[in-house]
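The file entry.txt comes next; it holds compact mmCIF, C-alpha atoms.
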# COMPACT_ATOMS: atom_id res chain seq x y z
CA MET A 148 21.25 -23.74 -90.26
CA SER A 149 24.39 -21.95 -89.07
CA MET A 150 23.66 -23.21 -85.54
CA VAL A 151 23.60 -26.93 -86.43
CA THR A 152 26.06 -27.19 -89.34
CA PRO A 153 29.21 -27.26 -87.14
CA SER A 154 27.71 -30.22 -85.23
CA LEU A 155 26.95 -32.05 -88.47
CA LEU A 156 30.48 -31.49 -89.77
CA LEU A 157 32.03 -32.82 -86.56
CA LEU A 158 29.74 -35.85 -86.58
CA TRP A 159 30.58 -36.40 -90.24
CA TYR A 160 34.30 -36.34 -89.45
CA PHE A 161 34.20 -38.90 -86.65
CA HIS A 162 31.73 -41.10 -88.51
CA SER A 163 34.03 -41.11 -91.55
CA ARG A 164 36.96 -42.30 -89.41
CA ASP A 165 35.15 -45.60 -88.87
CA VAL A 166 36.37 -48.15 -91.43
CA TYR A 167 33.04 -49.95 -91.06
CA PRO A 168 30.55 -47.05 -90.76
CA GLU A 169 27.62 -47.37 -88.37
CA PRO A 170 24.00 -47.49 -89.59
CA GLY A 171 22.67 -44.00 -90.05
CA ARG A 172 19.44 -44.83 -88.23
CA VAL A 173 21.29 -45.83 -85.07
CA VAL A 174 23.62 -42.82 -85.23
CA TRP A 175 20.72 -40.38 -85.58
CA THR A 176 18.71 -42.13 -82.86
CA THR A 177 21.70 -41.69 -80.56
CA PHE A 178 21.93 -38.02 -81.62
CA VAL A 179 18.24 -37.46 -80.78
CA LEU A 180 18.62 -39.23 -77.44
CA GLY A 181 21.50 -36.85 -76.77
CA VAL A 182 19.14 -33.95 -77.44
CA LEU A 183 16.58 -35.43 -75.05
CA THR A 184 19.11 -35.66 -72.23
CA ALA A 185 18.50 -31.91 -71.82
CA ILE A 186 15.26 -32.77 -69.98
CA PRO A 187 16.79 -34.74 -67.07
CA VAL A 188 19.76 -32.36 -67.02
CA LEU A 189 17.42 -29.42 -66.40
CA LEU A 190 15.39 -31.37 -63.85
CA PHE A 191 18.61 -31.97 -61.93
CA ALA A 192 20.23 -28.57 -62.40
CA ILE A 193 17.31 -26.24 -61.67
CA PRO A 194 16.87 -27.21 -57.99
CA MET A 195 20.65 -27.32 -57.52
CA GLU A 196 20.90 -23.66 -58.61
CA THR A 197 19.45 -22.57 -55.27
CA TYR A 198 22.75 -23.37 -53.56
CA LEU A 199 24.62 -20.80 -55.65
CA GLN A 200 23.45 -17.99 -53.41
CA HIS A 201 25.54 -19.43 -50.57
CA ILE A 202 28.80 -19.32 -52.57
CA GLU A 203 30.73 -16.06 -52.43
CA HIS A 204 34.17 -16.80 -53.89
CA PRO A 205 34.01 -16.32 -57.70
CA ILE A 206 36.15 -19.36 -58.53
CA ALA A 207 34.13 -21.60 -56.19
CA PHE A 208 30.97 -20.13 -57.75
CA GLY A 209 32.25 -20.90 -61.24
CA ALA A 210 33.40 -24.40 -60.27
CA TYR A 211 29.99 -25.19 -58.78
CA GLU A 212 28.29 -24.05 -61.99
CA ALA A 213 30.80 -25.94 -64.12
CA PHE A 214 30.70 -29.27 -62.30
CA VAL A 215 27.38 -29.50 -60.43
CA LEU A 216 25.12 -27.69 -62.91
CA ALA A 217 26.82 -28.68 -66.17
CA SER A 218 29.55 -31.29 -66.26
CA ILE A 219 28.20 -33.93 -63.88
CA PRO A 220 24.56 -34.04 -65.06
CA GLU A 221 25.34 -33.62 -68.76
CA GLU A 222 28.03 -36.29 -68.92
CA THR A 223 26.07 -38.64 -66.64
CA PHE A 224 22.98 -38.66 -68.82
CA LYS A 225 25.03 -38.99 -72.01
CA PHE A 226 26.79 -41.90 -70.32
CA ALA A 227 23.35 -43.43 -69.66
CA VAL A 228 22.46 -43.18 -73.38
CA LEU A 229 25.62 -45.05 -74.35
CA LEU A 230 25.23 -47.61 -71.59
CA TRP A 231 21.53 -48.41 -71.90
CA TYR A 232 20.86 -47.87 -75.59
CA VAL A 233 24.04 -48.00 -77.65
CA ARG A 234 25.88 -50.76 -75.79
CA ARG A 235 22.86 -53.05 -76.05
CA HIS A 236 22.36 -52.48 -79.78
CA SER A 237 23.47 -55.13 -82.26
CA ALA A 238 25.23 -52.43 -84.33
CA PHE A 239 27.68 -51.92 -81.46
CA ASP A 240 30.09 -54.65 -82.48
CA GLU A 241 33.61 -53.18 -82.22
CA PRO A 242 35.48 -50.62 -80.04
CA MET A 243 35.43 -47.85 -82.68
CA ASP A 244 31.63 -47.84 -82.52
CA GLY A 245 31.73 -46.56 -78.96
CA LEU A 246 33.66 -43.47 -80.02
CA VAL A 247 31.32 -42.70 -82.93
CA TYR A 248 28.18 -43.06 -80.84
CA GLY A 249 29.76 -41.09 -78.01
CA VAL A 250 30.28 -38.17 -80.38
CA ALA A 251 26.70 -38.49 -81.69
CA ALA A 252 25.14 -38.41 -78.20
CA SER A 253 27.34 -35.54 -77.08
CA LEU A 254 26.70 -33.44 -80.18
CA GLY A 255 22.97 -34.04 -79.83
CA PHE A 256 22.95 -32.27 -76.49
CA ALA A 257 25.49 -29.66 -77.61
CA THR A 258 23.42 -28.75 -80.68
CA LEU A 259 20.32 -28.02 -78.60
CA GLU A 260 22.44 -26.05 -76.12
CA ASN A 261 23.97 -24.11 -79.01
CA VAL A 262 20.56 -23.19 -80.43
CA LEU A 263 19.44 -21.89 -77.02
CA TYR A 264 22.62 -19.87 -76.43
CA VAL A 265 22.60 -18.38 -79.92
CA ALA A 266 18.93 -17.40 -79.57
CA GLN A 267 20.01 -15.28 -76.60
CA GLY A 268 23.43 -14.06 -77.72
CA GLY A 269 23.17 -13.82 -81.49
CA LEU A 270 25.69 -14.35 -84.28
CA ALA A 271 28.82 -13.65 -82.23
CA VAL A 272 27.89 -16.45 -79.83
CA ALA A 273 27.24 -18.81 -82.75
CA ILE A 274 30.71 -18.23 -84.20
CA LEU A 275 32.47 -18.50 -80.84
CA ARG A 276 30.69 -21.71 -79.85
CA ALA A 277 31.25 -23.27 -83.28
CA VAL A 278 35.02 -23.23 -82.78
CA THR A 279 35.14 -23.83 -79.01
CA SER A 280 32.16 -25.41 -77.27
CA LEU A 281 31.02 -27.78 -80.03
CA PRO A 282 34.48 -29.32 -80.62
CA ALA A 283 34.83 -29.63 -76.83
CA HIS A 284 31.54 -31.50 -76.51
CA ALA A 285 32.40 -33.73 -79.47
CA THR A 286 35.71 -34.72 -77.92
CA PHE A 287 34.19 -35.29 -74.46
CA GLY A 288 31.80 -37.73 -76.14
CA ALA A 289 34.60 -39.36 -78.14
CA ILE A 290 36.62 -39.99 -74.98
CA MET A 291 33.59 -41.37 -73.16
CA GLY A 292 32.74 -43.66 -76.07
CA TYR A 293 36.33 -44.82 -76.36
CA TYR A 294 36.41 -46.11 -72.79
CA ILE A 295 32.95 -47.67 -73.08
CA GLY A 296 34.16 -49.54 -76.16
CA GLN A 297 37.29 -50.68 -74.34
CA SER A 298 35.17 -51.90 -71.44
CA HIS A 299 32.61 -53.69 -73.60
CA PHE A 300 35.10 -55.55 -75.77
CA GLY A 301 37.94 -55.94 -73.29
CA ARG A 302 38.54 -58.82 -70.94
CA GLU A 303 40.07 -57.04 -67.96
CA ARG A 304 39.35 -53.99 -65.79
CA ARG A 305 35.87 -53.57 -67.29
CA ARG A 306 34.42 -51.74 -64.32
CA MET A 307 37.43 -49.45 -64.06
CA LEU A 308 37.16 -48.60 -67.77
CA LEU A 309 33.46 -47.82 -67.36
CA PHE A 310 34.30 -45.56 -64.42
CA LYS A 311 36.92 -43.78 -66.54
CA ALA A 312 34.34 -43.43 -69.33
CA TRP A 313 32.28 -41.32 -66.94
CA LEU A 314 34.95 -39.66 -64.80
CA ILE A 315 37.38 -38.36 -67.45
CA PRO A 316 34.76 -36.48 -69.52
CA VAL A 317 33.27 -35.07 -66.30
CA LEU A 318 36.68 -33.76 -65.20
CA LEU A 319 37.62 -32.39 -68.62
CA HIS A 320 34.22 -30.75 -69.09
CA GLY A 321 34.34 -29.21 -65.62
CA LEU A 322 37.91 -28.00 -66.04
CA TYR A 323 36.97 -26.45 -69.40
CA ASP A 324 33.90 -24.64 -68.02
CA THR A 325 35.32 -23.48 -64.67
CA PRO A 326 37.65 -20.76 -66.03
CA LEU A 327 34.93 -19.50 -68.37
CA LEU A 328 32.37 -19.26 -65.59
CA SER A 329 34.81 -17.85 -63.02
CA ALA A 330 36.62 -15.19 -65.04
CA GLY A 331 33.78 -12.65 -64.98
CA GLY A 332 33.41 -12.79 -61.22
CA VAL A 333 37.16 -12.67 -60.67
CA SER A 334 37.45 -9.63 -62.94
CA ALA A 335 34.54 -7.90 -61.18
CA ALA A 336 36.32 -8.52 -57.87
CA GLY A 337 39.29 -6.53 -59.19
CA ASP A 338 41.77 -9.28 -60.06
CA LYS A 339 41.97 -8.82 -63.82
CA GLN A 340 45.32 -10.59 -64.06
CA LEU A 341 43.88 -13.79 -62.59
CA ALA A 342 40.87 -13.45 -64.87
CA SER A 343 43.22 -13.28 -67.87
CA ILE A 344 45.08 -16.38 -66.68
CA LEU A 345 41.81 -18.26 -66.27
CA LEU A 346 40.68 -17.37 -69.79
CA ALA A 347 44.12 -18.28 -71.21
CA SER A 348 43.79 -21.76 -69.71
CA VAL A 349 40.62 -22.51 -71.69
CA PRO A 350 42.24 -23.05 -75.13
CA VAL A 351 44.96 -25.15 -73.46
CA ILE A 352 42.38 -27.49 -71.97
CA LEU A 353 40.45 -27.56 -75.25
CA LEU A 354 43.57 -28.40 -77.26
CA PHE A 355 44.55 -31.15 -74.81
CA THR A 356 41.07 -32.69 -75.08
CA ILE A 357 41.01 -32.52 -78.88
CA VAL A 358 44.44 -34.11 -79.20
CA MET A 359 43.45 -36.84 -76.75
CA ALA A 360 40.27 -37.67 -78.68
CA LEU A 361 41.99 -37.62 -82.07
CA ARG A 362 44.73 -39.94 -80.82
CA MET A 363 42.09 -42.34 -79.56
CA ALA A 364 40.27 -42.27 -82.90
CA ARG A 365 43.54 -42.79 -84.74
CA GLY A 366 44.48 -45.74 -82.55
CA LEU A 367 41.10 -47.43 -82.99
CA ARG A 368 41.23 -46.91 -86.74
CA ALA A 369 44.70 -48.45 -86.77
CA ARG A 370 43.29 -51.56 -85.14
CA GLN A 371 40.53 -51.69 -87.71
CA LEU A 372 43.13 -51.57 -90.45
CA ALA A 373 44.97 -54.43 -88.71
CA SER A 374 48.07 -52.29 -88.20
CA GLY A 375 49.56 -50.95 -84.99
CA PRO A 376 49.85 -47.19 -84.55
CA SER A 377 53.64 -47.42 -84.87
CA HIS A 378 53.27 -48.65 -88.46
CA MET A 379 50.93 -45.92 -89.59
CA SER A 380 52.24 -43.23 -91.88
CA ARG A 381 52.88 -39.75 -90.50
CA GLY A 382 51.65 -38.37 -93.79
CA PRO A 383 47.97 -38.07 -92.72
CA ARG A 384 48.89 -35.32 -90.26
CA ALA A 385 49.44 -33.01 -93.22
CA TRP A 386 45.71 -33.11 -93.92
CA ALA A 387 44.73 -31.82 -90.47
CA PRO A 388 45.07 -28.12 -91.50
CA VAL A 389 42.94 -28.80 -94.59
CA ILE A 390 40.17 -30.36 -92.49
CA GLY A 391 40.36 -27.61 -89.86
CA GLY A 392 40.47 -24.89 -92.51
CA GLY A 393 37.44 -26.35 -94.26
CA PHE A 394 35.53 -26.44 -90.97
CA LEU A 395 36.35 -22.81 -90.16
CA LEU A 396 35.64 -21.63 -93.70
CA SER A 397 32.23 -23.32 -93.69
CA CYS A 398 31.35 -21.76 -90.33
CA GLY A 399 32.52 -18.34 -91.54
CA GLY A 400 30.42 -18.61 -94.68
CA LEU A 401 27.36 -19.53 -92.67
CA ALA A 402 28.00 -16.57 -90.38
CA LEU A 403 27.94 -14.25 -93.43
CA ALA A 404 24.74 -15.89 -94.58
CA SER A 405 23.22 -15.21 -91.14
CA LEU A 406 24.11 -11.52 -91.50
CA ALA A 407 22.35 -11.45 -94.87
CA LEU A 408 19.28 -13.03 -93.30
CA ALA A 409 19.37 -10.44 -90.52
CA TRP A 410 19.48 -7.68 -93.16
CA ALA A 411 16.49 -9.21 -94.96
CA LYS A 412 14.52 -9.16 -91.69
CA GLY A 413 15.40 -5.52 -91.10
CA ALA A 414 17.64 -6.26 -88.12
CA LEU A 415 20.75 -4.94 -89.88
CA THR A 416 20.92 -1.34 -91.08
CA GLY A 417 23.48 0.72 -92.96
CA VAL A 418 24.15 -1.99 -95.57
CA SER A 419 23.45 -1.36 -99.23
CA LEU A 420 21.91 -3.90 -101.60
CA THR A 421 25.25 -4.19 -103.43
CA GLN A 422 27.09 -4.96 -100.21
CA LEU A 423 24.43 -7.51 -99.35
CA ALA A 424 24.80 -9.21 -102.75
CA VAL A 425 28.58 -9.37 -102.34
CA GLY A 426 28.13 -10.78 -98.83
CA VAL A 427 25.73 -13.48 -100.03
CA LEU A 428 28.07 -14.44 -102.87
CA LEU A 429 31.05 -14.63 -100.52
CA SER A 430 29.06 -16.69 -98.04
CA VAL A 431 28.03 -19.20 -100.72
CA LEU A 432 31.60 -19.45 -102.02
CA ALA A 433 33.00 -19.83 -98.49
CA VAL A 434 30.55 -22.58 -97.53
CA CYS A 435 31.12 -24.48 -100.77
CA ALA A 436 34.90 -24.15 -100.56
CA GLY A 437 34.86 -25.09 -96.88
CA LEU A 438 32.78 -28.20 -97.45
CA VAL A 439 35.00 -29.27 -100.34
CA LEU A 440 38.15 -28.81 -98.25
CA PHE A 441 36.62 -30.58 -95.25
CA ARG A 442 35.39 -33.52 -97.32
CA ARG A 443 38.58 -33.74 -99.39
CA GLY A 444 40.82 -33.54 -96.34
CA THR A 445 38.87 -36.22 -94.47
CA TRP A 446 38.84 -38.50 -97.51
CA LYS A 447 42.59 -38.09 -98.12
CA LEU A 448 43.31 -38.63 -94.43
CA ASN A 449 41.40 -41.91 -94.46
CA GLN A 450 42.88 -43.04 -97.77
CA THR A 451 46.45 -42.27 -96.72
CA GLU A 452 46.05 -44.24 -93.50
CA ARG A 453 44.42 -47.12 -95.35
CA ALA A 454 47.38 -47.27 -97.73
CA SER A 455 50.08 -46.97 -95.06

Show me this structure written as structure tokens.
Amino acid sequence: MSMVTPSLLLLWYFHSRDVYPEPGRVVWTTFVLGVLTAIPVLLFAIPMETYLQHIEHPIAFGAYEAFVLASIPEETFKFAVLLWYVRRHSAFDEPMDGLVYGVAASLGFATLENVLYVAQGGLAVAILRAVTSLPAHATFGAIMGYYIGQSHFGRERRRMLLFKAWLIPVLLHGLYDTPLLSAGGVSAAGDKQLASILLASVPVILLFTIVMALRMARGLRARQLASGPSHMSRGPRAWAPVIGGGFLLSCGGLALASLALAWAKGALTGVSLTQLAVGVLLSVLAVCAGLVLFRRGTWKLNQTERAS
């Protein structure tokens, strides 16, 4: 549960931003199709891995992994889901829908990827990916869906907007992954300072992507409310820390619950029954408090904008 809850919370957030929410059946179908994109992604990436042995420079090695093995195939097949399923569906009837379905398709793939990574790396990987990789994937999908919506309902530059719907997420995804996949090789080569710089660039890219996606969602919601962005209240920004805090608190509580489960399976030693009981209680309280904060913050954000 701790591996999929962050995805559900992110999908909940973007779905709630839609003034006219999309049918749950279509959203979940898009999510499942996002999961299934893992099959063609692997079919493309596995044979392309053979070329890695010819790349010696660690940054070039990381960039090849980031773009050729991850960014390009993943974003291309998610783009195909939006283009060939979502865009043709009758429920896709306004620009905001593109953003919501983009997030659903992207989180579908990211959730499966998260489960596989966590199965190998354990709880620490689950926590790290919950606050980095999953938000990144959600915002890549939001940006893709935004431009697909602009193309579908716009009158000009439709092909250019479709190209941007594919290209921008590919670039952002690749730029996000490249430092992560290059830093280890750079450090092993003896340049620890460059490795530190590469790792420091990751949160910058992530923050830029998140802000970009949130601004797009805010602008589309403003149109739904028949009010330009310049007339919207600045008050809703005060609820951002509440939403973010609720998300982190929920993830932290689920992490504690995972530790308790590990103890029950005998994988965690040196913990007394009393400590376990306290941990379980804290995890339940943290999850409940986090969900309340997340739901309350999202609701107040939407209500404040609706009233502005």

field: Interatomic distance (Å, one decimal) between atom CA of Ala283 of chain A and atom CA of Cys435 of chain A
entry: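 Atom CA of Cys435 of chain A lies at a distance of 24.8 Å from atom CA of Ala283 of chain A.
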
Sorted by chain and rising residue number, which residues of segment 241-328 of chain A lie within 6 Å of segment 218-226 of chain A, and what are their closest atom pairs and distances in Å to one decimal, counting all atoms listed in the file, as a tab-separated table?
residue	atom	partner	partner_atom	distance
A:Val317	CA	A:Ser218	CA	5.3
A:His320	CA	A:Ser218	CA	5.5
A:Gly321	CA	A:Ser218	CA	5.3

field: Separation of atom CA of Leu353 of chain A from atom CA of Thr325 of chain A in Å
entry: 12.4 Å

field: Selection near His236 of chain A, 12 Å with only C-alpha atoms, sequence-local residues under 2 positions removed, as JSON, numbers by chain
entry: {"A": [169, 170, 172, 173, 174, 176, 177, 228, 229, 230, 231, 232, 233, 234, 238, 239, 240, 241, 244, 245, 248]}

Name all residues at most 7 Å from segment 296-303 of chain A (count only C-alpha atoms; drop same-chain ones fewer than 3 positions away) and give them as a compact mmCIF listing (two decimals) with C-alpha atoms, in the coordinates of the input.
# COMPACT_ATOMS: atom_id res chain seq x y z
CA PRO A 242 35.48 -50.62 -80.04
CA MET A 243 35.43 -47.85 -82.68
CA GLY A 245 31.73 -46.56 -78.96
CA GLY A 292 32.74 -43.66 -76.07
CA TYR A 293 36.33 -44.82 -76.36
CA LEU A 308 37.16 -48.60 -67.77
CA LEU A 309 33.46 -47.82 -67.36

message: Please compute the atom CA of His284 of chain A-atom CA of Ser253 of chain A distance, one decimal, in Å.
response: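 Taking atom CA of His284 of chain A and atom CA of Ser253 of chain A, their separation equals 5.9 Å.
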
task: Using all atoms listed in the file, find the one residue out of A:Ala213, A:Leu183, A:Ala289, A:Ala207 that sits nearest to Ala364 of chain A.
output: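 Once distances to Ala364 of chain A are computed over all atoms listed in the file, the minimum belongs to A:Ala289.
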
message: So that I can see what lies close to Leu396 of chain A, please list as an MDAnalysis selection string the residues with an atom at most 6 Å from it, counting all atoms listed in the file and leaving out residues fewer than 3 positions away in the same chain.
response: chainID A and resid 392:393 399 433 437

message: Please determine, counting all atoms listed in the file, which residue among A:Ser397, A:Ser163, A:Ser154, A:Ser280 has the shortest atom-to-atom distance to Asn449 of chain A.
response: A:Ser163

- request: Write out as a list in words each polymer residue whose atoms come within 8 Å of Gly255 of chain A, counting only C-alpha atoms; drop sequence neighbours fewer than 2 positions from it.
  value: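 Here the answer would be Thr177, Phe178, Val179, Leu180, Gly181, Val182, Ala251, Ala252, Ser253, Ala257, Thr258 and Leu259 of chain A.
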
query: Restricting the calculation to all atoms listed in the file, which member of A:Val333, A:Thr279, A:Leu395, A:Asp165 is positioned closest to Arg365 of chain A?
result: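 The shortest atom-to-atom distance to Arg365 of chain A comes from A:Asp165.
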
Nearest candidate to Leu328 of chain A (options A:Val351, A:Met195, A:Arg164, A:Ala217; using only C-alpha atoms):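 That would be A:Ala217, the residue with the smallest distance to Leu328 of chain A.
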
task: Kindly indicate which residue among A:Leu428, A:Val389, A:Leu438, A:Leu322 lies nearest to Ile206 of chain A, using all atoms listed in the file for the distances.
output: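 For Ile206 of chain A, the nearest of the given residues is A:Leu322.
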
- request: Would you please work out which residue, of A:Pro205, A:Leu440, A:Glu196, A:Ser430, is nearest to Asp338 of chain A when using only C-alpha atoms?
  value: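 With only C-alpha atoms as the atom set, the closest residue is A:Pro205.
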
Reconstruct segment 241-265 of chain A at the level of N, CA and C atoms, and format the result as a PDB file, in the coordinates of the input.
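That gives us selection.pdb:
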ATOM      1  N   GLU A 241      32.163 -53.343 -82.280  1.00  0.00           N
ATOM      2  CA  GLU A 241      33.610 -53.180 -82.220  1.00  0.00           C
ATOM      3  C   GLU A 241      33.927 -51.898 -81.436  1.00  0.00           C
ATOM      4  N   PRO A 242      35.148 -51.770 -80.897  1.00  0.00           N
ATOM      5  CA  PRO A 242      35.480 -50.620 -80.040  1.00  0.00           C
ATOM      6  C   PRO A 242      35.282 -49.261 -80.694  1.00  0.00           C
ATOM      7  N   MET A 243      35.566 -49.139 -81.997  1.00  0.00           N
ATOM      8  CA  MET A 243      35.430 -47.850 -82.680  1.00  0.00           C
ATOM      9  C   MET A 243      33.999 -47.328 -82.608  1.00  0.00           C
ATOM     10  N   ASP A 244      33.032 -48.248 -82.540  1.00  0.00           N
ATOM     11  CA  ASP A 244      31.630 -47.840 -82.520  1.00  0.00           C
ATOM     12  C   ASP A 244      31.326 -46.985 -81.289  1.00  0.00           C
ATOM     13  N   GLY A 245      31.960 -47.331 -80.166  1.00  0.00           N
ATOM     14  CA  GLY A 245      31.730 -46.560 -78.960  1.00  0.00           C
ATOM     15  C   GLY A 245      32.098 -45.104 -79.141  1.00  0.00           C
ATOM     16  N   LEU A 246      33.218 -44.847 -79.795  1.00  0.00           N
ATOM     17  CA  LEU A 246      33.660 -43.470 -80.020  1.00  0.00           C
ATOM     18  C   LEU A 246      32.691 -42.725 -80.922  1.00  0.00           C
ATOM     19  N   VAL A 247      32.239 -43.361 -81.994  1.00  0.00           N
ATOM     20  CA  VAL A 247      31.320 -42.700 -82.930  1.00  0.00           C
ATOM     21  C   VAL A 247      30.005 -42.359 -82.245  1.00  0.00           C
ATOM     22  N   TYR A 248      29.456 -43.309 -81.507  1.00  0.00           N
ATOM     23  CA  TYR A 248      28.180 -43.060 -80.840  1.00  0.00           C
ATOM     24  C   TYR A 248      28.336 -42.074 -79.683  1.00  0.00           C
ATOM     25  N   GLY A 249      29.497 -42.076 -79.050  1.00  0.00           N
ATOM     26  CA  GLY A 249      29.760 -41.090 -78.010  1.00  0.00           C
ATOM     27  C   GLY A 249      29.714 -39.674 -78.562  1.00  0.00           C
ATOM     28  N   VAL A 250      30.306 -39.482 -79.722  1.00  0.00           N
ATOM     29  CA  VAL A 250      30.280 -38.170 -80.380  1.00  0.00           C
ATOM     30  C   VAL A 250      28.842 -37.805 -80.751  1.00  0.00           C
ATOM     31  N   ALA A 251      28.085 -38.773 -81.274  1.00  0.00           N
ATOM     32  CA  ALA A 251      26.700 -38.490 -81.690  1.00  0.00           C
ATOM     33  C   ALA A 251      25.845 -38.044 -80.509  1.00  0.00           C
ATOM     34  N   ALA A 252      25.939 -38.770 -79.382  1.00  0.00           N
ATOM     35  CA  ALA A 252      25.140 -38.410 -78.200  1.00  0.00           C
ATOM     36  C   ALA A 252      25.544 -37.046 -77.664  1.00  0.00           C
ATOM     37  N   SER A 253      26.845 -36.796 -77.622  1.00  0.00           N
ATOM     38  CA  SER A 253      27.340 -35.540 -77.080  1.00  0.00           C
ATOM     39  C   SER A 253      26.953 -34.353 -77.958  1.00  0.00           C
ATOM     40  N   LEU A 254      27.053 -34.524 -79.269  1.00  0.00           N
ATOM     41  CA  LEU A 254      26.700 -33.440 -80.180  1.00  0.00           C
ATOM     42  C   LEU A 254      25.190 -33.202 -80.212  1.00  0.00           C
ATOM     43  N   GLY A 255      24.410 -34.238 -79.918  1.00  0.00           N
ATOM     44  CA  GLY A 255      22.970 -34.040 -79.830  1.00  0.00           C
ATOM     45  C   GLY A 255      22.628 -33.020 -78.760  1.00  0.00           C
ATOM     46  N   PHE A 256      23.183 -33.221 -77.568  1.00  0.00           N
ATOM     47  CA  PHE A 256      22.950 -32.270 -76.490  1.00  0.00           C
ATOM     48  C   PHE A 256      23.554 -30.910 -76.822  1.00  0.00           C
ATOM     49  N   ALA A 257      24.792 -30.910 -77.344  1.00  0.00           N
ATOM     50  CA  ALA A 257      25.490 -29.660 -77.610  1.00  0.00           C
ATOM     51  C   ALA A 257      24.769 -28.823 -78.667  1.00  0.00           C
ATOM     52  N   THR A 258      24.134 -29.477 -79.638  1.00  0.00           N
ATOM     53  CA  THR A 258      23.420 -28.750 -80.680  1.00  0.00           C
ATOM     54  C   THR A 258      22.224 -28.008 -80.104  1.00  0.00           C
ATOM     55  N   LEU A 259      21.450 -28.690 -79.249  1.00  0.00           N
ATOM     56  CA  LEU A 259      20.320 -28.020 -78.600  1.00  0.00           C
ATOM     57  C   LEU A 259      20.814 -26.871 -77.735  1.00  0.00           C
ATOM     58  N   GLU A 260      21.873 -27.101 -76.974  1.00  0.00           N
ATOM     59  CA  GLU A 260      22.440 -26.050 -76.120  1.00  0.00           C
ATOM     60  C   GLU A 260      22.898 -24.867 -76.968  1.00  0.00           C
ATOM     61  N   ASN A 261      23.490 -25.163 -78.129  1.00  0.00           N
ATOM     62  CA  ASN A 261      23.970 -24.110 -79.010  1.00  0.00           C
ATOM     63  C   ASN A 261      22.818 -23.261 -79.538  1.00  0.00           C
ATOM     64  N   VAL A 262      21.736 -23.916 -79.924  1.00  0.00           N
ATOM     65  CA  VAL A 262      20.560 -23.190 -80.430  1.00  0.00           C
ATOM     66  C   VAL A 262      20.035 -22.237 -79.351  1.00  0.00           C
ATOM     67  N   LEU A 263      19.960 -22.711 -78.111  1.00  0.00           N
ATOM     68  CA  LEU A 263      19.440 -21.890 -77.020  1.00  0.00           C
ATOM     69  C   LEU A 263      20.358 -20.708 -76.716  1.00  0.00           C
ATOM     70  N   TYR A 264      21.670 -20.957 -76.699  1.00  0.00           N
ATOM     71  CA  TYR A 264      22.620 -19.870 -76.430  1.00  0.00           C
ATOM     72  C   TYR A 264      22.612 -18.835 -77.535  1.00  0.00           C
ATOM     73  N   VAL A 265      22.570 -19.307 -78.783  1.00  0.00           N
ATOM     74  CA  VAL A 265      22.600 -18.380 -79.920  1.00  0.00           C
ATOM     75  C   VAL A 265      21.325 -17.552 -79.977  1.00  0.00           C
TER      76      VAL A 265
END
